[in-house]
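Chemist: Dumping the structure here so I can ask a few things about it.
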Amino acid sequence: MIEVLRSPSDFKAWRQKQKGQVGFVPTMGALHSGHEELIKRARSENDVVVLSIFVNPTQFDDAADFEKYPATWEQDLEMAKANNVDAILYPRYPEMYPDNYRYKVTEKEYSNLLDGAHRPGHFDGVLSVVMKLFNIVAPQKAYFGEKDFQQMTLIKGMVESFFMPIEVVPVATVRESDGLAKSSRNMRLTPTEREQAPLIYKTITTAKTAEDAAKSLSAAGFKVDYVTDIGNRRYVAAHLGAVRLIDNVQI
Ligand code: PAF
């Protein structure tokens, strides 16, 4: 039977009774097959699998985006059950933030690039909530999608910097058959936008330079935040109507 635990203290009481290795998949809900891939990987590598669902307000720089973030609890629960998740941590804000966010985790360099340059405070919110979740769940392994490559890299860096005994496991981006990276935000695209959205992946994989890719996407009607090459990876963030999409590929 799956356990649904709504407070850190209830979760910790349950956690103390668990034996063996714990694999953890942190999410904000609205689960799709990208999340399912993380859960399956965690299931295959651990004795106990924990999923968290918490739409973390401190990582939203845009209040409207937070308000509109999809909530699909019944479907999420079904997916968790179908994949033999042992427990869901499903906390509320006051219990996750007893300090009302007076304390935070900040990285001062890499988090100012790419998404950080366009979403002030976003990575402070992500790192702070992941630190809290790691301290509550105490997993041996934690699974993150490569779609959010910058996020995954920053979390890895936090774990190393604070000597946290957790292995961060990156999992390859799951795509629709037309190349669009799976994302909870895809649900908010209109049918026309959904048809246009795969251009992001197509363009960043085929354009010679990041500048070329940015120009083509702008010409196709996207509002481009950035297309940037760092090392052997190309990163993109672009708005289509009211929805902001991100992706990255190896180049
Ligand atoms: O990637 C996400 O869904 C979120 O940023 C995370 C890691 C669950 C933190 O809120």
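Starting from 1 in every chain, residues are counted up; chains themselves are A, B, ... following the order of the structure tokens, and ligands are numbered from 1 as listed.
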Kindly provide, as a list in words, all nucleotide and amino acid residues lying within 8 Å of ligand 1, counting only C-alpha atoms and all ligand atoms.

Modeler: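 Going residue by residue within 8 Å of ligand 1, we get Val25, Pro26, Thr27, Met28, Gly29, Ser52, Ile53, Phe54, Val55, Asn56, Gln59, Gly125, Val126, Leu127, Val129, Val130, Phe144, Gly145, Asp148 and Gln151 of chain A.
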
Chemist: Just N, CA and C atoms for this one: save the residues we selected as an mmCIF file, in the first residue's frame.

Modeler:
```cif
data_model
loop_
_atom_site.group_PDB
_atom_site.id
_atom_site.type_symbol
_atom_site.label_atom_id
_atom_site.label_comp_id
_atom_site.auth_asym_id
_atom_site.auth_seq_id
_atom_site.Cartn_x
_atom_site.Cartn_y
_atom_site.Cartn_z
ATOM 1 N N VAL A 25 12.489 10.725 -5.890
ATOM 2 C CA VAL A 25 12.153 11.502 -7.088
ATOM 3 C C VAL A 25 11.367 12.746 -6.647
ATOM 4 N N PRO A 26 12.045 13.909 -6.593
ATOM 5 C CA PRO A 26 11.334 15.145 -6.213
ATOM 6 C C PRO A 26 10.599 15.723 -7.422
ATOM 7 N N THR A 27 9.340 16.113 -7.241
ATOM 8 C CA THR A 27 8.576 16.687 -8.358
ATOM 9 C C THR A 27 7.660 17.800 -7.839
ATOM 10 N N MET A 28 7.058 18.506 -8.800
ATOM 11 C CA MET A 28 6.017 19.471 -8.449
ATOM 12 C C MET A 28 4.664 18.944 -8.930
ATOM 13 N N GLY A 29 4.553 17.633 -9.130
ATOM 14 C CA GLY A 29 3.290 17.040 -9.577
ATOM 15 C C GLY A 29 3.073 17.253 -11.059
ATOM 16 N N SER A 52 8.146 13.022 -4.094
ATOM 17 C CA SER A 52 7.551 14.178 -3.419
ATOM 18 C C SER A 52 6.790 15.002 -4.442
ATOM 19 N N ILE A 53 5.689 15.571 -3.992
ATOM 20 C CA ILE A 53 4.895 16.476 -4.830
ATOM 21 C C ILE A 53 4.712 17.751 -4.024
ATOM 22 N N PHE A 54 5.328 18.819 -4.500
ATOM 23 C CA PHE A 54 5.215 20.101 -3.807
ATOM 24 C C PHE A 54 5.479 21.207 -4.812
ATOM 25 N N VAL A 55 4.460 21.989 -5.105
ATOM 26 C CA VAL A 55 4.644 23.123 -6.012
ATOM 27 C C VAL A 55 5.272 24.232 -5.165
ATOM 28 N N ASN A 56 6.563 24.393 -5.371
ATOM 29 C CA ASN A 56 7.371 25.222 -4.474
ATOM 30 C C ASN A 56 7.291 26.699 -4.843
ATOM 31 N N GLN A 59 10.407 29.178 -5.916
ATOM 32 C CA GLN A 59 11.189 29.105 -7.158
ATOM 33 C C GLN A 59 10.481 29.749 -8.337
ATOM 34 N N GLY A 125 15.403 29.340 -4.824
ATOM 35 C CA GLY A 125 14.192 28.603 -4.419
ATOM 36 C C GLY A 125 14.346 27.109 -4.641
ATOM 37 N N VAL A 126 14.920 26.748 -5.798
ATOM 38 C CA VAL A 126 15.096 25.318 -6.112
ATOM 39 C C VAL A 126 16.059 24.681 -5.104
ATOM 40 N N LEU A 127 17.245 25.314 -4.930
ATOM 41 C CA LEU A 127 18.254 24.705 -4.050
ATOM 42 C C LEU A 127 17.743 24.632 -2.613
ATOM 43 N N VAL A 129 14.593 24.400 -1.515
ATOM 44 C CA VAL A 129 13.571 23.363 -1.295
ATOM 45 C C VAL A 129 14.171 21.968 -1.441
ATOM 46 N N VAL A 130 15.146 21.807 -2.339
ATOM 47 C CA VAL A 130 15.753 20.478 -2.505
ATOM 48 C C VAL A 130 16.586 20.135 -1.261
ATOM 49 N N PHE A 144 17.034 13.158 -11.211
ATOM 50 C CA PHE A 144 16.669 14.433 -11.834
ATOM 51 C C PHE A 144 16.775 14.315 -13.346
ATOM 52 N N GLY A 145 15.816 14.936 -14.045
ATOM 53 C CA GLY A 145 15.807 14.884 -15.504
ATOM 54 C C GLY A 145 16.817 15.858 -16.094
ATOM 55 N N ASP A 148 16.121 19.731 -17.283
ATOM 56 C CA ASP A 148 16.522 20.851 -16.425
ATOM 57 C C ASP A 148 18.001 20.677 -16.084
ATOM 58 N N GLN A 151 19.567 23.011 -13.490
ATOM 59 C CA GLN A 151 19.080 22.648 -12.158
ATOM 60 C C GLN A 151 19.822 21.420 -11.626
#
```

Chemist: Looking only at the backbone, which of the residues in region 35-76 of chain A does DSSP tag as strand (DSSP E or B), as a VMD selection string?

Modeler: chain A and resid 48 to 53

Chemist: For CA of Arg244 (chain A) and CA of Lys156 (chain A), determine how far apart the two atoms are, in Å to one decimal place.

Modeler: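 So the two atoms, CA of Arg244 (chain A) and CA of Lys156 (chain A), lie 24.5 Å apart.
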
Chemist: Calculated over only C-alpha atoms, which of the candidates A:Ser161, A:Gln18, A:Asn100, A:Thr72 has the smallest distance to Leu31 (chain A)?

Modeler: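 Using only C-alpha atoms, the shortest distance to Leu31 (chain A) belongs to A:Thr72.
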
Chemist: Between CA of Ile200 (chain A) and CA of Asp247 (chain A), what is the distance in Å, rounded to a tenth?

Modeler: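 Those two atoms sit 7.7 Å apart.
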
Chemist: Could you pull the residues within 9 Å of region 8-16 of chain A, counting only C-alpha atoms, minus those fewer than 5 positions along the same chain, as an MDAnalysis selection string?

Modeler: chainID A and resid 3 87:89 91 95:96 133 136:138

Chemist: Please indicate the distance in Å from CA of Met79 (chain A) to CA of Phe149 (chain A), rounded to one decimal place.

Modeler: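 So the answer is 24.2 Å.
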
Chemist: Within 8 Å of region 166-177 of chain A, counting only C-alpha atoms, which residues show up once you throw out same-chain ones fewer than 4 positions away? Write them as a PyMOL selection string, please.

Modeler: chain A and resi 33-34+37-38+139-147+152+155-156+159+181-182

Chemist: How would the residues just chosen look if you wrote them out with N, CA, C and O atoms as a PDB file, in the first residue's frame?

Modeler:
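Written file, selection_19.pdb:
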```pdb
ATOM      1  N   SER A  33       5.231  11.282 -18.634  1.00  0.00           N
ATOM      2  CA  SER A  33       6.102  10.111 -18.807  1.00  0.00           C
ATOM      3  C   SER A  33       7.576  10.405 -18.540  1.00  0.00           C
ATOM      4  O   SER A  33       8.351   9.486 -18.309  1.00  0.00           O
ATOM      5  N   GLY A  34       7.963  11.696 -18.544  1.00  0.00           N
ATOM      6  CA  GLY A  34       9.329  12.042 -18.141  1.00  0.00           C
ATOM      7  C   GLY A  34       9.537  11.703 -16.658  1.00  0.00           C
ATOM      8  O   GLY A  34      10.535  11.088 -16.265  1.00  0.00           O
ATOM      9  N   GLU A  37       9.700   7.968 -16.065  1.00  0.00           N
ATOM     10  CA  GLU A  37      11.029   7.409 -16.349  1.00  0.00           C
ATOM     11  C   GLU A  37      11.919   7.514 -15.096  1.00  0.00           C
ATOM     12  O   GLU A  37      12.647   6.573 -14.761  1.00  0.00           O
ATOM     13  N   LEU A  38      11.834   8.654 -14.405  1.00  0.00           N
ATOM     14  CA  LEU A  38      12.631   8.832 -13.175  1.00  0.00           C
ATOM     15  C   LEU A  38      12.193   7.815 -12.113  1.00  0.00           C
ATOM     16  O   LEU A  38      13.021   7.211 -11.427  1.00  0.00           O
ATOM     17  N   PRO A 139      17.495  10.332   1.339  1.00  0.00           N
ATOM     18  CA  PRO A 139      17.670   9.238   0.369  1.00  0.00           C
ATOM     19  C   PRO A 139      19.159   8.932   0.154  1.00  0.00           C
ATOM     20  O   PRO A 139      20.012   9.751   0.459  1.00  0.00           O
ATOM     21  N   GLN A 140      19.421   7.754  -0.410  1.00  0.00           N
ATOM     22  CA  GLN A 140      20.793   7.463  -0.840  1.00  0.00           C
ATOM     23  C   GLN A 140      20.996   7.941  -2.286  1.00  0.00           C
ATOM     24  O   GLN A 140      22.091   8.297  -2.676  1.00  0.00           O
ATOM     25  N   LYS A 141      19.905   7.878  -3.073  1.00  0.00           N
ATOM     26  CA  LYS A 141      19.990   8.319  -4.466  1.00  0.00           C
ATOM     27  C   LYS A 141      18.824   9.250  -4.783  1.00  0.00           C
ATOM     28  O   LYS A 141      17.708   9.026  -4.292  1.00  0.00           O
ATOM     29  N   ALA A 142      19.068  10.264  -5.623  1.00  0.00           N
ATOM     30  CA  ALA A 142      17.985  11.171  -6.031  1.00  0.00           C
ATOM     31  C   ALA A 142      18.056  11.363  -7.537  1.00  0.00           C
ATOM     32  O   ALA A 142      19.154  11.519  -8.100  1.00  0.00           O
ATOM     33  N   TYR A 143      16.895  11.370  -8.186  1.00  0.00           N
ATOM     34  CA  TYR A 143      16.813  11.300  -9.646  1.00  0.00           C
ATOM     35  C   TYR A 143      16.300  12.617 -10.222  1.00  0.00           C
ATOM     36  O   TYR A 143      15.252  13.119  -9.798  1.00  0.00           O
ATOM     37  N   PHE A 144      17.034  13.158 -11.211  1.00  0.00           N
ATOM     38  CA  PHE A 144      16.669  14.433 -11.834  1.00  0.00           C
ATOM     39  C   PHE A 144      16.775  14.315 -13.346  1.00  0.00           C
ATOM     40  O   PHE A 144      17.720  13.719 -13.869  1.00  0.00           O
ATOM     41  N   GLY A 145      15.816  14.936 -14.045  1.00  0.00           N
ATOM     42  CA  GLY A 145      15.807  14.884 -15.504  1.00  0.00           C
ATOM     43  C   GLY A 145      16.817  15.858 -16.094  1.00  0.00           C
ATOM     44  O   GLY A 145      17.002  16.972 -15.591  1.00  0.00           O
ATOM     45  N   GLU A 146      17.435  15.449 -17.199  1.00  0.00           N
ATOM     46  CA  GLU A 146      18.406  16.314 -17.872  1.00  0.00           C
ATOM     47  C   GLU A 146      17.735  17.456 -18.622  1.00  0.00           C
ATOM     48  O   GLU A 146      18.421  18.353 -19.094  1.00  0.00           O
ATOM     49  N   LYS A 147      16.415  17.440 -18.736  1.00  0.00           N
ATOM     50  CA  LYS A 147      15.756  18.588 -19.383  1.00  0.00           C
ATOM     51  C   LYS A 147      16.108  19.864 -18.607  1.00  0.00           C
ATOM     52  O   LYS A 147      16.352  20.912 -19.190  1.00  0.00           O
ATOM     53  N   MET A 152      19.912  20.388 -12.472  1.00  0.00           N
ATOM     54  CA  MET A 152      20.549  19.140 -12.049  1.00  0.00           C
ATOM     55  C   MET A 152      22.019  19.388 -11.674  1.00  0.00           C
ATOM     56  O   MET A 152      22.509  18.907 -10.659  1.00  0.00           O
ATOM     57  N   ILE A 155      22.248  21.229  -8.333  1.00  0.00           N
ATOM     58  CA  ILE A 155      21.925  20.346  -7.198  1.00  0.00           C
ATOM     59  C   ILE A 155      23.111  19.417  -6.909  1.00  0.00           C
ATOM     60  O   ILE A 155      23.481  19.212  -5.748  1.00  0.00           O
ATOM     61  N   LYS A 156      23.725  18.919  -7.969  1.00  0.00           N
ATOM     62  CA  LYS A 156      24.925  18.083  -7.803  1.00  0.00           C
ATOM     63  C   LYS A 156      26.005  18.869  -7.046  1.00  0.00           C
ATOM     64  O   LYS A 156      26.638  18.375  -6.129  1.00  0.00           O
ATOM     65  N   VAL A 159      25.160  19.251  -3.337  1.00  0.00           N
ATOM     66  CA  VAL A 159      25.387  17.998  -2.609  1.00  0.00           C
ATOM     67  C   VAL A 159      26.876  17.820  -2.309  1.00  0.00           C
ATOM     68  O   VAL A 159      27.259  17.454  -1.197  1.00  0.00           O
ATOM     69  N   ALA A 181      10.400  18.200 -25.769  1.00  0.00           N
ATOM     70  CA  ALA A 181      10.745  17.646 -24.456  1.00  0.00           C
ATOM     71  C   ALA A 181       9.489  17.599 -23.589  1.00  0.00           C
ATOM     72  O   ALA A 181       8.722  18.561 -23.543  1.00  0.00           O
ATOM     73  N   LYS A 182       9.282  16.471 -22.911  1.00  0.00           N
ATOM     74  CA  LYS A 182       8.111  16.346 -22.037  1.00  0.00           C
ATOM     75  C   LYS A 182       8.225  17.352 -20.894  1.00  0.00           C
ATOM     76  O   LYS A 182       9.297  17.502 -20.300  1.00  0.00           O
TER      77      LYS A 182
END
```

Chemist: List the spatial neighbours of region 61-63 of chain A as a ChimeraX atom specification - criterion: any atom at most 7 Å away, only C-alpha atoms, same-chain residues fewer than 4 positions off excluded.

Modeler: /A:67,119-122

Chemist: How would the residues just picked look written out with all heavy atoms as a PDB file, in the first residue's frame?

Modeler:
```pdb
ATOM      1  N   GLU A  67       0.440  30.425 -10.042  1.00  0.00           N
ATOM      2  CA  GLU A  67      -1.012  30.224  -9.945  1.00  0.00           C
ATOM      3  C   GLU A  67      -1.494  29.216 -10.980  1.00  0.00           C
ATOM      4  O   GLU A  67      -2.366  28.399 -10.708  1.00  0.00           O
ATOM      5  CB  GLU A  67      -1.768  31.549 -10.171  1.00  0.00           C
ATOM      6  CG  GLU A  67      -1.570  32.592  -9.079  1.00  0.00           C
ATOM      7  CD  GLU A  67      -1.946  32.081  -7.689  1.00  0.00           C
ATOM      8  OE1 GLU A  67      -2.887  31.269  -7.606  1.00  0.00           O
ATOM      9  OE2 GLU A  67      -1.277  32.471  -6.714  1.00  0.00           O
ATOM     10  N   ARG A 119      15.291  34.515 -14.583  1.00  0.00           N
ATOM     11  CA  ARG A 119      14.322  34.215 -13.522  1.00  0.00           C
ATOM     12  C   ARG A 119      14.982  34.511 -12.169  1.00  0.00           C
ATOM     13  O   ARG A 119      15.475  33.594 -11.485  1.00  0.00           O
ATOM     14  CB  ARG A 119      13.891  32.745 -13.601  1.00  0.00           C
ATOM     15  CG  ARG A 119      13.325  32.353 -14.953  1.00  0.00           C
ATOM     16  CD  ARG A 119      12.780  30.936 -14.914  1.00  0.00           C
ATOM     17  NE  ARG A 119      11.641  30.818 -14.008  1.00  0.00           N
ATOM     18  CZ  ARG A 119      11.088  29.658 -13.651  1.00  0.00           C
ATOM     19  NH1 ARG A 119      11.563  28.518 -14.096  1.00  0.00           N
ATOM     20  NH2 ARG A 119      10.058  29.629 -12.833  1.00  0.00           N
ATOM     21  N   PRO A 120      14.978  35.797 -11.764  1.00  0.00           N
ATOM     22  CA  PRO A 120      15.683  36.166 -10.539  1.00  0.00           C
ATOM     23  C   PRO A 120      15.201  35.333  -9.339  1.00  0.00           C
ATOM     24  O   PRO A 120      14.002  35.201  -9.104  1.00  0.00           O
ATOM     25  CB  PRO A 120      15.319  37.645 -10.337  1.00  0.00           C
ATOM     26  CG  PRO A 120      14.678  38.095 -11.613  1.00  0.00           C
ATOM     27  CD  PRO A 120      14.255  36.900 -12.389  1.00  0.00           C
ATOM     28  N   GLY A 121      16.154  34.775  -8.620  1.00  0.00           N
ATOM     29  CA  GLY A 121      15.828  34.033  -7.399  1.00  0.00           C
ATOM     30  C   GLY A 121      15.377  32.603  -7.637  1.00  0.00           C
ATOM     31  O   GLY A 121      15.193  31.836  -6.677  1.00  0.00           O
ATOM     32  N   HIS A 122      15.211  32.212  -8.904  1.00  0.00           N
ATOM     33  CA  HIS A 122      14.669  30.879  -9.194  1.00  0.00           C
ATOM     34  C   HIS A 122      15.513  29.768  -8.562  1.00  0.00           C
ATOM     35  O   HIS A 122      14.983  28.890  -7.860  1.00  0.00           O
ATOM     36  CB  HIS A 122      14.591  30.692 -10.719  1.00  0.00           C
ATOM     37  CG  HIS A 122      14.295  29.292 -11.144  1.00  0.00           C
ATOM     38  ND1 HIS A 122      13.106  28.668 -10.846  1.00  0.00           N
ATOM     39  CD2 HIS A 122      15.032  28.379 -11.839  1.00  0.00           C
ATOM     40  CE1 HIS A 122      13.125  27.436 -11.340  1.00  0.00           C
ATOM     41  NE2 HIS A 122      14.276  27.237 -11.940  1.00  0.00           N
TER      42      HIS A 122
END
```

Chemist: Region 83-128 of chain A: which residues are alpha helix (DSSP H) by DSSP, as a list in words?

Modeler: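 Residues meeting the alpha helix (DSSP H) criterion: Tyr93, Pro94, Glu95, Met96, Leu114, Asp115, Gly116, Ala117, His118, His122, Phe123, Asp124, Gly125, Val126, Leu127 and Ser128 of chain A.
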
Chemist: Those same residues, written as a compact mmCIF listing (two decimals), in the first residue's frame with C-alpha atoms?

Modeler:
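After the write, selection_7.txt holds the following:
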```txt
# COMPACT_ATOMS: atom_id res chain seq x y z
CA TYR A 93 3.83 25.45 2.54
CA PRO A 94 3.76 26.34 6.28
CA GLU A 95 5.32 23.02 7.23
CA MET A 96 7.97 23.19 4.49
CA LEU A 114 20.95 30.90 -18.52
CA ASP A 115 17.65 30.49 -16.65
CA GLY A 116 19.02 32.26 -13.59
CA ALA A 117 19.65 35.40 -15.66
CA HIS A 118 15.98 35.48 -16.69
CA HIS A 122 14.67 30.88 -9.19
CA PHE A 123 17.65 28.72 -8.29
CA ASP A 124 17.73 29.98 -4.69
CA GLY A 125 14.19 28.60 -4.42
CA VAL A 126 15.10 25.32 -6.11
CA LEU A 127 18.25 24.70 -4.05
CA SER A 128 16.54 25.68 -0.80
```

Chemist: Determine the nearest neighbour of Ser111 (chain A) from the options A:Ala82, A:Leu154, A:Ala210, A:Ile230, counting only C-alpha atoms.

Modeler: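 That would be A:Leu154, the residue with the smallest distance to Ser111 (chain A).
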
Chemist: Of the candidates A:Arg185, A:Arg233, A:Tyr110, A:Asp99, which one gets nearest to Met158 (chain A) if we count only C-alpha atoms?

Modeler: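 Checking each candidate against Met158 (chain A), we get A:Tyr110 as the closest.
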
Chemist: May I ask which of the residues A:Asn46, A:Ser7, A:Gln150, A:Gln250 is the closest one to Ile204 (chain A), counting only C-alpha atoms?

Modeler: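 Ranked by minimum distance to Ile204 (chain A), first place goes to A:Gln250.
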
Chemist: I'd like the neighbourhood of Gly179 (chain A) as a list in words, where a residue qualifies if any of its atoms comes within 8 Å (using only C-alpha atoms), though same-chain residues fewer than 5 positions away should be ignored.

Modeler: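 Result of the neighbour search: Pro198, Tyr201 and Lys202 of chain A.
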
Chemist: The selected residues should be written to file as a PDB file, in the first residue's frame (atoms: all heavy atoms).

Modeler:
```
ATOM      1  N   PRO A 198       7.608  21.827 -31.240  1.00  0.00           N
ATOM      2  CA  PRO A 198       8.766  20.964 -31.558  1.00  0.00           C
ATOM      3  C   PRO A 198       9.871  21.673 -32.334  1.00  0.00           C
ATOM      4  O   PRO A 198      10.991  21.171 -32.421  1.00  0.00           O
ATOM      5  CB  PRO A 198       8.158  19.846 -32.418  1.00  0.00           C
ATOM      6  CG  PRO A 198       6.705  19.887 -32.167  1.00  0.00           C
ATOM      7  CD  PRO A 198       6.351  21.287 -31.781  1.00  0.00           C
ATOM      8  N   TYR A 201      13.291  22.047 -30.409  1.00  0.00           N
ATOM      9  CA  TYR A 201      14.268  20.951 -30.449  1.00  0.00           C
ATOM     10  C   TYR A 201      14.916  20.857 -31.827  1.00  0.00           C
ATOM     11  O   TYR A 201      16.135  20.730 -31.963  1.00  0.00           O
ATOM     12  CB  TYR A 201      13.555  19.648 -30.093  1.00  0.00           C
ATOM     13  CG  TYR A 201      14.429  18.419 -30.194  1.00  0.00           C
ATOM     14  CD1 TYR A 201      15.525  18.254 -29.342  1.00  0.00           C
ATOM     15  CD2 TYR A 201      14.162  17.417 -31.125  1.00  0.00           C
ATOM     16  CE1 TYR A 201      16.336  17.129 -29.422  1.00  0.00           C
ATOM     17  CE2 TYR A 201      14.965  16.285 -31.210  1.00  0.00           C
ATOM     18  CZ  TYR A 201      16.045  16.150 -30.361  1.00  0.00           C
ATOM     19  OH  TYR A 201      16.841  15.036 -30.443  1.00  0.00           O
ATOM     20  N   LYS A 202      14.046  20.960 -32.867  1.00  0.00           N
ATOM     21  CA  LYS A 202      14.537  20.837 -34.234  1.00  0.00           C
ATOM     22  C   LYS A 202      15.603  21.916 -34.508  1.00  0.00           C
ATOM     23  O   LYS A 202      16.667  21.637 -35.057  1.00  0.00           O
ATOM     24  CB  LYS A 202      13.348  21.007 -35.195  1.00  0.00           C
ATOM     25  CG  LYS A 202      13.594  20.436 -36.545  1.00  0.00           C
ATOM     26  CD  LYS A 202      12.339  20.392 -37.376  1.00  0.00           C
ATOM     27  CE  LYS A 202      12.730  20.153 -38.820  1.00  0.00           C
ATOM     28  NZ  LYS A 202      11.758  20.654 -39.746  1.00  0.00           N
TER      29      LYS A 202
END
```

Chemist: Would you pick out the contacts of region 223-227 of chain A at 8 Å or less, using only C-alpha atoms, so that residues sharing its chain but fewer than 4 positions from it are not included, and give the list as a ChimeraX atom specification?

Modeler: /A:114,118,210-211,213-214,217-218,234-240

Chemist: Which of these, A:Ile246, A:Val49, A:Ile39, A:Ala71, has the shortest distance to Asp86 (chain A) once you count only C-alpha atoms?

Modeler: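 Closest to Asp86 (chain A), using only C-alpha atoms: A:Val49.
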